Amino acid sequence: MDEKNVTLEKLTEDLTSHIRINRGFVIWMGFLIIGLCICLYAYLQQLRFGLGVAGIRDYVSWGLYLSNFVFFVATSLIGMLISGVLGLIGIKWITPLARIAETIAVAFAALAGLVIIMDMGRPDRLANVFIYGRFQSPILWDVSVVTTYFVLSALLLFIPLIPDIAWVNRKTDHLPGWLKKTYSILSLNWTDTPEKNKIIQRCVRILLILIIPSALAIHTVTSWLFAMTTRAGWDSTLFGPYFVTGAFVSGSSAVIIAMYFFRKNYKLHNYITDKHFSKMGILLGLVMLVYLYVNINEFLVPGYKLKTADATHLHELFAGRFAIMFWFVQIGGLILPIILLLFNRMRKPLPMLFIALAVFIGAWFKRYIIVVPTQEHPFLPIQYVPYNFKFYTPTLLEIAITLSSFFMALIIITLVSKFFPVIPIRETAVERGLIEE
Amino acid sequence: MMKRYFVVLFLFLFAGRIGSFAQTSTPWVVPEEAKEKVAPFKFTPETVKIGESVFQRTCKSCHGDPGKQNWAKITPPPGDPASANFQVQTDGEMFYRIKTGRAPMPQFGNILSDEERWQVISYVRSFNPNYTQPAPLISMAAGAKKLKLYIYPNYKLKKLYVLCNEITKEKKEIPAKGIEIQLNVKRYFGTLKLGDPKTTNASGFVMYDFPADLPGGTHGIIDLTARVKDESGLLFSSDANAKLAIGKPVVLKRLTDARAMWSVRSKAPVWLILTFSLTLITVWGFIIYILLALRKLKYSS
C-alpha cells in the first residue's frame, strides 16, 4: 500500500482495530491470570513459612529474586534509550516503537519494585527502608530512584497518549461503556487546540530530558548495590557502565520480541515494517558490541591480575560450577547474536524474533551469573554449615514466585497495548502530513 | 598442602624437643646468696591479698590459677606455682627467678617492686599448708639503711625532684647522699624507665626534666614511680608514687565520631545528604510541575 494514500480514517482504523475484547485476548489473559494465581499461591507459602522456602541462605542471600530484580531494572531502561536518547536526537523511525518501549519500561520498572518486595521475609516492613534508611546506603538510593523512574516512565507513557485516548474515544463506538468512561476520564477533556498541544509538548520534552539521567541513575545505583562491596566479581569501577550497557541489550531484545507479536497479532505490518526490524537489529547489534567490549574489560582485567579471590571466582565461571551457564550466556546470548546480526537476512522479523529471544534469555541468566557465584566464595571460609548453605539452588517455590513477575509484567503490557493504541496515532498522522502540527 | 602440613608438624615437634631439652638440660641456677634471701616482713593475710592482686595482674596469663593446673599452653610449660616442684624452692630462689626471669618467663625486675615480689611469694606460699616462713629480716644488718622517697614536681621549671631521706633509728629523716634512684613510668604492662639511674646529691635530691613527649591518657596524667636501685640488699625502702599531669594529653578520636560513610544516618556526610535530597527535590519538583500542567490541561477550555 502506498503510504501517501493512507487517509486519516484508514490510519485511525488500522491503529485502533485491535482495541476490542476478542477471543484470543480472553484466552491469553486467562492463561496469564491462571499462571499468576499459581505463582501467587507459591508467594503465599513464602509469606506463611518465611524466606526459608526459597533456596537462599546465609551465604548466598541474594539469589533468583535479586537476579530477577536486576534483570527487570535493566530491561526497563529501554524506554530511556528509544524515547529519550533517540527521540531527542530526532530519529524518525522510532515513532511507532516509542510507545512499545515505554510500555515495557513502565511494566518492568513497576515489577522491579515488586520483585524487591518478594525478596523480603517481612514485606510489611518495607516502609522501614524509608523511615530508617541511611543516606549512605545504596539501598535507599535504589528505592528512591526506582520509584522516581517508574513515575517518570508512567508519565512519559501517559502524556503522549492523551490525544490518542480522546481520538480512540471518539472513533470507537463498539466498545463497552465502562471502557469508554475510562477513556473519557483519562483523556483529560482533550481538544486539539494549539494551547493544549503546547502543554503536552513541553511536558514530554521535560520528561525526555529527565528520563535520561534517571535511567542512568537507576541502573548505576543498582550496580552499586554490588560494586560498593569488596567481593570478587563485584568490586569493579566498571560496574555502572557494565549494567547500563547490559540493560540496553536486554531492553532492545524485549522491544524486538514485543514488536514481532504486536505486528502479527494487531496487524500492524504497514506501520512496523521490515525496515523497523532491520533498524532495531542494527541497534541491538550496536549495544551488544558495546556490551561485549565492557565484558572483555570486566573479565580480562581481573583475569590478567588473578588476585586470589578473583581467581577462584573466574575459575568457577570459566570452568567450574557455573561454566555451562556462563558460556551459554556469553556465546549464545552475546557473541553468536552479534555475528548473526551482521547479515541482512538475519535482520528480518522472524530470525530477529529468535535472536532477540536468545538474547533476552541470555540476559536473564547473565544477571544470575553476576549475582550468585560471587556469594558462594566469601573471603572467610564457609565452615560447619549444612550442604545447602554452601551451594545455592533455587527451590520450586522460588522459581514460581520469580515467574509471577513475568506474568504480571505480561499482564500490564497486554492490557496497555490492548486498550490503547500501540502506535501513536496523532504523531504518525502528523509525520505523514495528514494533520497539521 | 600436604607439604605445608609436614613443615608445621616438624616445627611443632622440633620446638617441643627444644622445650624439653631446655627444661632438663640447663637448670636455672640461682646464686647461693640469693637463695638465702628472705622477706623483710612477715607474710600475713593482707600480704597474701595484695600478692593475689599482683599475681592476677602479672602472672596469671601464663601460670593460670595456683592449684588448678591451668597454665598457658606454651613450651616450656609455665607450670602451676602451687605444685610441689615450685614449692620446694626457697623464698630467695622464687624472688630471684621472678626478678631476673628467663625466656620465655619475663623479667619482673623493673615491673614489680621488691615489696610486690615478696607479696606475690606470700600469695603463692598460701597454697602450701606445710610452709613456714623463715624469720623475716627485721633486725637490720650492719650498714643497712631505711630510706624514704618523695617526688616533687616544679611545673614552672618543668623539673622533677626526687628526695631520698634516710630514716634514722630515732625515726628522724635526714637526706641520704649517694643513693641511686631510678625513675619509672607506668605503662599498660610493666614500666618504662625514664633515663638511667641518678645518684642523690648532698641534700638527698636527684633532678629530672619533665618528659617532653610521653602520652598520658585523656588528661595527660603520668604515673611516676621513684625506686631505690639496690645491688647490696642493704637498702630498704618503699617506692614513691606520684600521678602528675605532665604528659601529653591523648584524646583518641573514634572513627564514628565524625560524619562518615560508615556511620549512622544522623552522621551522614553533609554533601551526601545535600546531593541526595536536592536531586530528589529537583526531579520531583519537575514531576509536580508536570502534574500541575496536566491539571491545567484538564480544566482549561
# chains A, B, ... in the order shown; residues from 1 in each chain; ligands from 1
>>> residues_around(residues="Ser237 in chain B", least_positions_apart="6", cutoff="10 Å", atoms="only C-alpha atoms", output="list in words")
Ser113, Asp114, Glu115, Lys145, Lys146, Leu147, Lys148, Leu149, Cys164, Asn165, Glu166, Ile167, Arg227, Val228, Lys229 and Asp230 of chain B
>>> residues_around(residues="range 307-322 of chain A", least_positions_apart="3", cutoff="9 Å", atoms="only C-alpha atoms", output="VMD selection string")
chain A and resid 231 to 233 299 302 to 304 325 to 327 369 373 to 374 376 to 379
>>> residues_around(residues="Lys418 in chain A", least_positions_apart="4", cutoff="7 Å", atoms="only C-alpha atoms", output="number ranges by chain")
A: 18-19, 414
>>> write_last_selection(atoms="C-alpha atoms", output="CSV table (one decimal), in the first residue's frame")
chain,number,residue,atom,x,y,z
A,18,HIS,CA,-7.0,-4.2,17.9
A,19,ILE,CA,-8.9,-2.3,20.7
A,414,THR,CA,-1.1,-6.8,27.3
>>> interface_residues(of="chain B", to="chain A", cutoff="7 Å", atoms="only C-alpha atoms", output="ChimeraX atom specification")
/B:261,264-265,268,272-273,290,293,297-298
>>> select_by_dssp(residues="range 61-225 of chain B", states="alpha helix (DSSP H)", output="ChimeraX atom specification")
/B:61-63,84-87,91-100,114-125
>>> atom_distance(atom1="CA of Gln119 in chain B", atom2="CA of Val48 in chain B")
6.2 Å
>>> residues_around(residues="range 8-13 of chain A", least_positions_apart="2", cutoff="7 Å", atoms="only C-alpha atoms", output="PyMOL selection string")
chain A and resi 6+15-17+425+429+434
>>> write_last_selection(atoms="all heavy atoms", output="mmCIF file, in the first residue's frame")
data_model
loop_
_atom_site.group_PDB
_atom_site.id
_atom_site.type_symbol
_atom_site.label_atom_id
_atom_site.label_comp_id
_atom_site.auth_asym_id
_atom_site.auth_seq_id
_atom_site.Cartn_x
_atom_site.Cartn_y
_atom_site.Cartn_z
ATOM 1 N N VAL A 6 -2.699 6.642 2.299
ATOM 2 C CA VAL A 6 -3.398 6.257 3.518
ATOM 3 C C VAL A 6 -4.092 7.487 4.082
ATOM 4 O O VAL A 6 -3.453 8.477 4.398
ATOM 5 C CB VAL A 6 -2.415 5.683 4.538
ATOM 6 C CG1 VAL A 6 -3.132 5.325 5.823
ATOM 7 C CG2 VAL A 6 -1.722 4.477 3.970
ATOM 8 N N LEU A 15 -4.894 1.605 13.319
ATOM 9 C CA LEU A 15 -4.197 1.664 14.603
ATOM 10 C C LEU A 15 -5.115 1.419 15.798
ATOM 11 O O LEU A 15 -4.635 1.276 16.917
ATOM 12 C CB LEU A 15 -3.484 3.016 14.757
ATOM 13 C CG LEU A 15 -2.404 3.298 13.708
ATOM 14 C CD1 LEU A 15 -1.691 4.597 14.015
ATOM 15 C CD2 LEU A 15 -1.401 2.159 13.631
ATOM 16 N N THR A 16 -6.422 1.395 15.567
ATOM 17 C CA THR A 16 -7.323 1.160 16.702
ATOM 18 C C THR A 16 -8.099 -0.150 16.567
ATOM 19 O O THR A 16 -8.839 -0.517 17.485
ATOM 20 C CB THR A 16 -8.338 2.309 16.866
ATOM 21 O OG1 THR A 16 -9.068 2.423 15.641
ATOM 22 C CG2 THR A 16 -7.659 3.614 17.201
ATOM 23 N N SER A 17 -7.900 -0.840 15.454
ATOM 24 C CA SER A 17 -8.721 -2.037 15.219
ATOM 25 C C SER A 17 -8.484 -3.126 16.275
ATOM 26 O O SER A 17 -9.358 -3.926 16.545
ATOM 27 C CB SER A 17 -8.459 -2.596 13.826
ATOM 28 O OG SER A 17 -7.125 -3.042 13.764
ATOM 29 N N ILE A 425 -1.139 7.567 17.285
ATOM 30 C CA ILE A 425 -1.949 7.927 16.111
ATOM 31 C C ILE A 425 -1.629 9.342 15.663
ATOM 32 O O ILE A 425 -1.318 9.595 14.513
ATOM 33 C CB ILE A 425 -3.456 7.816 16.442
ATOM 34 C CG1 ILE A 425 -3.775 6.389 16.900
ATOM 35 C CG2 ILE A 425 -4.297 8.200 15.240
ATOM 36 C CD1 ILE A 425 -5.206 6.230 17.370
ATOM 37 N N ALA A 429 0.123 10.533 12.212
ATOM 38 C CA ALA A 429 -0.642 11.341 11.269
ATOM 39 C C ALA A 429 0.105 12.627 10.929
ATOM 40 O O ALA A 429 0.161 13.033 9.767
ATOM 41 C CB ALA A 429 -2.007 11.668 11.877
ATOM 42 N N LEU A 434 -0.910 14.145 7.407
ATOM 43 C CA LEU A 434 -2.365 14.030 7.345
ATOM 44 C C LEU A 434 -3.049 15.095 8.186
ATOM 45 O O LEU A 434 -4.166 15.495 7.904
ATOM 46 C CB LEU A 434 -2.802 12.641 7.793
ATOM 47 C CG LEU A 434 -2.262 11.502 6.925
ATOM 48 C CD1 LEU A 434 -2.583 10.169 7.539
ATOM 49 C CD2 LEU A 434 -2.821 11.585 5.512
#
>>> closest_residue(among="B:Phe108, B:Phe236, B:Tyr299, B:Tyr123", to="Gly190 in chain B", atoms="only C-alpha atoms")
B:Phe108
>>> atom_distance(atom1="CA of Val206 in chain B", atom2="CA of Arg117 in chain B")
26.0 Å
>>> atom_distance(atom1="CA of Leu40 in chain A", atom2="CA of Leu111 in chain A")
14.1 Å
>>> residues_around(residues="Ala101 in chain A", least_positions_apart="3", cutoff="12 Å", atoms="only C-alpha atoms", output="tab-separated table (two decimals) with C-alpha atoms, in the first residue's frame")
chain	number	residue	atom	x	y	z
A	75	THR	CA	15.00	-4.16	30.78
A	76	SER	CA	13.07	-1.09	31.88
A	77	LEU	CA	15.94	1.12	30.71
A	78	ILE	CA	14.94	0.69	27.08
A	79	GLY	CA	12.33	3.45	27.42
A	80	MET	CA	15.12	5.89	28.02
A	81	LEU	CA	17.22	4.68	25.07
A	82	ILE	CA	14.42	4.72	22.48
A	83	SER	CA	12.32	7.70	23.52
A	84	GLY	CA	14.92	9.70	25.40
A	86	LEU	CA	16.99	8.50	20.01
A	87	GLY	CA	13.89	10.69	20.34
A	94	ILE	CA	11.36	5.21	16.35
A	95	THR	CA	7.90	6.84	16.23
A	96	PRO	CA	5.96	3.54	16.06
A	97	LEU	CA	8.31	1.88	18.56
A	98	ALA	CA	8.44	4.58	21.23
A	104	ILE	CA	7.95	-2.23	28.53
A	105	ALA	CA	9.73	0.38	30.64
A	106	VAL	CA	6.66	1.01	32.81
A	107	ALA	CA	5.80	-2.67	33.23
A	108	PHE	CA	9.36	-3.71	34.07
A	109	ALA	CA	10.03	-0.75	36.37
A	153	SER	CA	8.18	6.37	32.72
A	154	ALA	CA	4.48	6.18	33.52
A	156	LEU	CA	6.09	9.54	29.58
A	157	LEU	CA	3.80	6.72	28.52
A	248	PHE	CA	20.24	-1.73	26.63
A	250	SER	CA	18.04	-6.89	27.31
A	251	GLY	CA	15.72	-3.93	26.69
A	252	SER	CA	16.32	-3.86	22.94
A	253	SER	CA	15.67	-7.57	22.69
A	254	ALA	CA	12.44	-7.14	24.69
A	255	VAL	CA	11.28	-4.41	22.31
A	256	ILE	CA	12.02	-6.63	19.30
A	257	ILE	CA	10.03	-9.51	20.78
A	258	ALA	CA	7.12	-7.17	21.56
A	259	MET	CA	7.32	-5.61	18.08
A	280	MET	CA	16.31	-2.40	15.66
A	413	ILE	CA	1.93	-4.95	28.73
A	416	VAL	CA	-1.85	-1.33	27.94
A	417	SER	CA	-1.31	-2.49	24.39
A	422	VAL	CA	0.28	0.65	20.34
A	423	ILE	CA	1.41	3.14	17.75
>>> select_by_dssp(residues="range 192-289 of chain B", states="strand (DSSP E or B)", output="JSON, numbers by chain")
{"B": [192, 193, 198, 199, 205, 206, 207, 208, 209, 215, 222, 223, 224, 225, 226, 227, 228, 235, 236, 237, 240, 241, 242, 243, 244, 248]}
>>> write_last_selection(atoms="C-alpha atoms", output="CSV table (one decimal), in the first residue's frame")
chain,number,residue,atom,x,y,z
B,192,LEU,CA,59.1,2.4,81.3
B,193,LYS,CA,62.5,3.5,82.6
B,198,LYS,CA,70.9,9.0,89.1
B,199,THR,CA,72.7,9.4,92.3
B,205,PHE,CA,68.0,15.2,95.7
B,206,VAL,CA,68.1,14.0,92.2
B,207,MET,CA,66.7,16.1,89.4
B,208,TYR,CA,64.9,15.2,86.1
B,209,ASP,CA,63.4,17.2,83.2
B,215,PRO,CA,51.4,10.2,76.1
B,222,ILE,CA,51.7,10.2,84.1
B,223,ASP,CA,52.0,7.7,86.8
B,224,LEU,CA,55.6,8.1,88.1
B,225,THR,CA,57.5,5.7,90.4
B,226,ALA,CA,60.8,6.5,92.0
B,227,ARG,CA,62.7,3.4,93.2
B,228,VAL,CA,65.9,2.9,95.0
B,235,LEU,CA,68.7,-0.6,101.4
B,236,PHE,CA,65.1,-0.9,102.4
B,237,SER,CA,62.6,1.4,101.0
B,240,ALA,CA,57.3,6.8,95.9
B,241,ASN,CA,54.4,7.3,93.6
B,242,ALA,CA,53.0,10.4,92.0
B,243,LYS,CA,50.4,10.9,89.4
B,244,LEU,CA,51.2,14.2,87.6
B,248,LYS,CA,50.8,14.9,76.5
